[in-house]
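Here is the structure we will look at.
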Amino acid sequence: MDAKTLETLSVESATIVTQPSAWQRVRRNGSVRLGGAVLLVLIVIAVLAPWLGTVDPALFDPASRDLLPGKSGEITTLEGETLQHRFLMGSDSFGRDIYSRVLYGTRVSLIVGICTALVALAFGIVLGLLSGFIRWLDGPLMRVMDGLMAIPAILIAIALVAMWRGSLATVVVAIAIPEIPRVTRLVRSLVLTIREEPYVEAAVSLGTPTALIMWRHILPNTIAPLIVQGTFICASGILVEAILSFLGVGLPPEIPTWGNVMAEGRAQFNEYPHNIFFPGIFLAVTVLAVNILGDGLRDTLDPKMAKRS
């Protein structure tokens with residue numbers, strides 16, 4: 001082996017050694033750090049809502065309704081005691097503290113978004129693996145998925161919520177069902193590529209059970225794209241839940257959500273825009289942060305995007 005070949009091998013070895021891992025690329029990505037930081041702050045707000053909130057979001061006093069941000073008024077506790085209270089974000093038409101309702105709405109929105117992503121990913125992974133690896137099941141299953149995708153997601157969610165009683169579980173399922181076909185098609189496309197790899201063909205030739213092949217050889221190679229897809233589903237779930245609540249077909253009005261707060265304030269938007277402004281800002285920031293996080297994860301976890309960057 002000549003000196004030029006040795007030099008080439010040493011350069012390639014040094015490149016391999018110094019190449020950053022996936023976790024290092026994620027940590028260095030600015031979008032991941034920005035979106036993750038904002039999302040972490042929102043999670044802390046959701047967890048500490050009972051302590052950060054000034055009063056119970058269900059407490060109200062008709063004498064303190066429609067107060068502007070920063071104004072003080074009276075509020076009646078559950079024990080019947082009347083207290084002076086400062087409404088940091090104003091009050092709604094029932095005299096409830098918008099600040100406390102927005103903080104508690106952060107908890108509900110994050111729960112809906114995360115649970116929607118988990119449900120859609122769980123069913124989508126199973127259906128995608130079956131469709132991509134079991135050939136005779138591919139056609140019928142994909143036609144069902146195509147039929148679901150042909151109907152607008154918001155219409156499916158409204159129909160399902162209208163059929164069942166409005167609750168947190170009902171809203172999560174209603175939002176997750178339209179997302180399942182998208183996850184299924186993503187997993188199927190990945191499986192169709194992975195199943196042609198030599199190590200999968202070797203496992204099949206050795207008589208390895210189909211379930212074990214999908215669990216050990218195929219599923220691990222779909223994790224990175226599914227993480228990215230999960231972030232976009234989470235953002236979509238938060239937005240759709242706010243739309244359903246704003247239309248009056250989502251969670252019950254007594255549950256503080258951003259959509260419910262905006263729905264109650266839309267009739268007086270011209271006179272008291274703060275009823276919609278503050279929950280709208282939280283909704284926009286949350287959806288934007290999750291989408292930025294998803295874009296950063298896509299840039300770092302996708303091999304083609306990572307190689308290009």
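Chain labels run A, B, ... following the order of the structure tokens; each chain numbers its residues from 1, and ligands are numbered from 1 in the order shown.
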Polymer residues at most 9 Å from Val126 of chain A, only C-alpha atoms, same-chain spacing of 5 or more positions, as a PDB file with N, CA and C atoms, in the first residue's frame:
ATOM      1  N   LEU A 121     -49.850   8.230  16.103  1.00  0.00           N
ATOM      2  CA  LEU A 121     -48.632   7.478  15.817  1.00  0.00           C
ATOM      3  C   LEU A 121     -48.809   6.001  16.148  1.00  0.00           C
ATOM      4  N   SER A 131     -49.451  -2.758   6.280  1.00  0.00           N
ATOM      5  CA  SER A 131     -49.671  -2.458   4.868  1.00  0.00           C
ATOM      6  C   SER A 131     -48.393  -2.593   4.055  1.00  0.00           C
ATOM      7  N   THR A 184     -49.903   6.427   8.550  1.00  0.00           N
ATOM      8  CA  THR A 184     -49.899   5.112   7.905  1.00  0.00           C
ATOM      9  C   THR A 184     -49.164   5.156   6.573  1.00  0.00           C
ATOM     10  N   VAL A 187     -45.323   5.533   7.205  1.00  0.00           N
ATOM     11  CA  VAL A 187     -44.695   4.287   7.642  1.00  0.00           C
ATOM     12  C   VAL A 187     -44.662   3.284   6.493  1.00  0.00           C
TER      13      VAL A 187
END
Contact residues around Asn260 of chain A with only C-alpha atoms at 7 Å, ignoring same-chain residues under 5 positions, as a PyMOL selection string:
chain A and resi 245-246+253
Between A:Val191, A:Val249, A:Ile134, A:Val183, which residue has the minimum interatomic distance to Arg165 of chain A, considering only C-alpha atoms?
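Of the candidates, the smallest distance to Arg165 of chain A is held by A:Val249.
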Could you pull the residues within 10 Å of segment 62-76 of chain A, counting only C-alpha atoms, minus those fewer than 5 positions along the same chain, as a list in words?
Val55, Glu81, Thr82, Leu83, Gln84, His85, Arg86, Phe87, Leu88, Met89, Gly90, Ser91, Asp92, Ser93, Phe94, Gly95, Arg96, Asp97, Ile98, Tyr99, Gly265, Gln268, Glu271, Tyr272, Pro273, His274 and Asn275 of chain A
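When atom CA of Met163 of chain A is paired with atom CA of Ala284 of chain A, their separation reads 29.2 Å.
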Members of segment 29-203 of chain A assigned strand (DSSP E) by DSSP, as a PyMOL selection string
chain A and resi 72-76+82-86
Export, as an mmCIF file, in the first residue's frame, the selected residues with N, CA and C atoms.
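Generated file (selection18.cif):
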data_model
loop_
_atom_site.group_PDB
_atom_site.id
_atom_site.type_symbol
_atom_site.label_atom_id
_atom_site.label_comp_id
_atom_site.auth_asym_id
_atom_site.auth_seq_id
_atom_site.Cartn_x
_atom_site.Cartn_y
_atom_site.Cartn_z
ATOM 1 N N SER A 72 -58.511 46.444 38.756
ATOM 2 C CA SER A 72 -58.867 45.688 39.953
ATOM 3 C C SER A 72 -60.377 45.617 40.095
ATOM 4 N N GLY A 73 -60.829 44.533 40.687
ATOM 5 C CA GLY A 73 -62.249 44.340 40.901
ATOM 6 C C GLY A 73 -62.481 43.303 41.974
ATOM 7 N N GLU A 74 -63.724 42.987 42.194
ATOM 8 C CA GLU A 74 -64.083 42.005 43.204
ATOM 9 C C GLU A 74 -64.315 40.648 42.553
ATOM 10 N N ILE A 75 -64.025 39.618 43.355
ATOM 11 C CA ILE A 75 -64.269 38.253 42.902
ATOM 12 C C ILE A 75 -64.765 37.434 44.085
ATOM 13 N N THR A 76 -65.719 36.575 43.852
ATOM 14 C CA THR A 76 -66.347 35.798 44.910
ATOM 15 C C THR A 76 -65.763 34.391 44.935
ATOM 16 N N THR A 82 -65.918 37.653 49.405
ATOM 17 C CA THR A 82 -65.619 38.601 48.340
ATOM 18 C C THR A 82 -64.247 39.219 48.568
ATOM 19 N N LEU A 83 -63.378 39.133 47.552
ATOM 20 C CA LEU A 83 -62.017 39.616 47.680
ATOM 21 C C LEU A 83 -61.702 40.598 46.562
ATOM 22 N N GLN A 84 -60.802 41.538 46.860
ATOM 23 C CA GLN A 84 -60.289 42.437 45.834
ATOM 24 C C GLN A 84 -59.230 41.697 45.021
ATOM 25 N N HIS A 85 -59.330 41.804 43.712
ATOM 26 C CA HIS A 85 -58.430 41.035 42.837
ATOM 27 C C HIS A 85 -57.995 41.911 41.667
ATOM 28 N N ARG A 86 -56.729 41.750 41.289
ATOM 29 C CA ARG A 86 -56.186 42.490 40.156
ATOM 30 C C ARG A 86 -56.189 41.579 38.922
#
Got a sec to tell me which of segment 12-248 of chain A DSSP assigns to helix (DSSP H, G or I), as a PyMOL selection string?
chain A and resi 12-18+22-28+30-47+49-52+62-64+98-133+135-149+153-163+168-194+198-205+210-247
Pick out the residues sitting within 7 Å of Leu39 of chain A, and hand them over as a list in words; count only C-alpha atoms, and ignore anything fewer than 4 positions along from it in its own chain.
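Listing them by chain and then by number gives Gly35, Ile43, Thr286, Ala289 and Val290 of chain A.
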Those same residues, written as an mmCIF file, in the first residue's frame with C-alpha atoms?
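Output below, filename result.cif:
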data_model
loop_
_atom_site.group_PDB
_atom_site.id
_atom_site.type_symbol
_atom_site.label_atom_id
_atom_site.label_comp_id
_atom_site.auth_asym_id
_atom_site.auth_seq_id
_atom_site.Cartn_x
_atom_site.Cartn_y
_atom_site.Cartn_z
ATOM 1 C CA GLY A 35 -38.546 25.668 19.698
ATOM 2 C CA ILE A 43 -44.774 23.007 29.815
ATOM 3 C CA THR A 286 -47.304 27.337 20.979
ATOM 4 C CA ALA A 289 -42.734 26.681 18.671
ATOM 5 C CA VAL A 290 -43.816 23.108 17.948
#
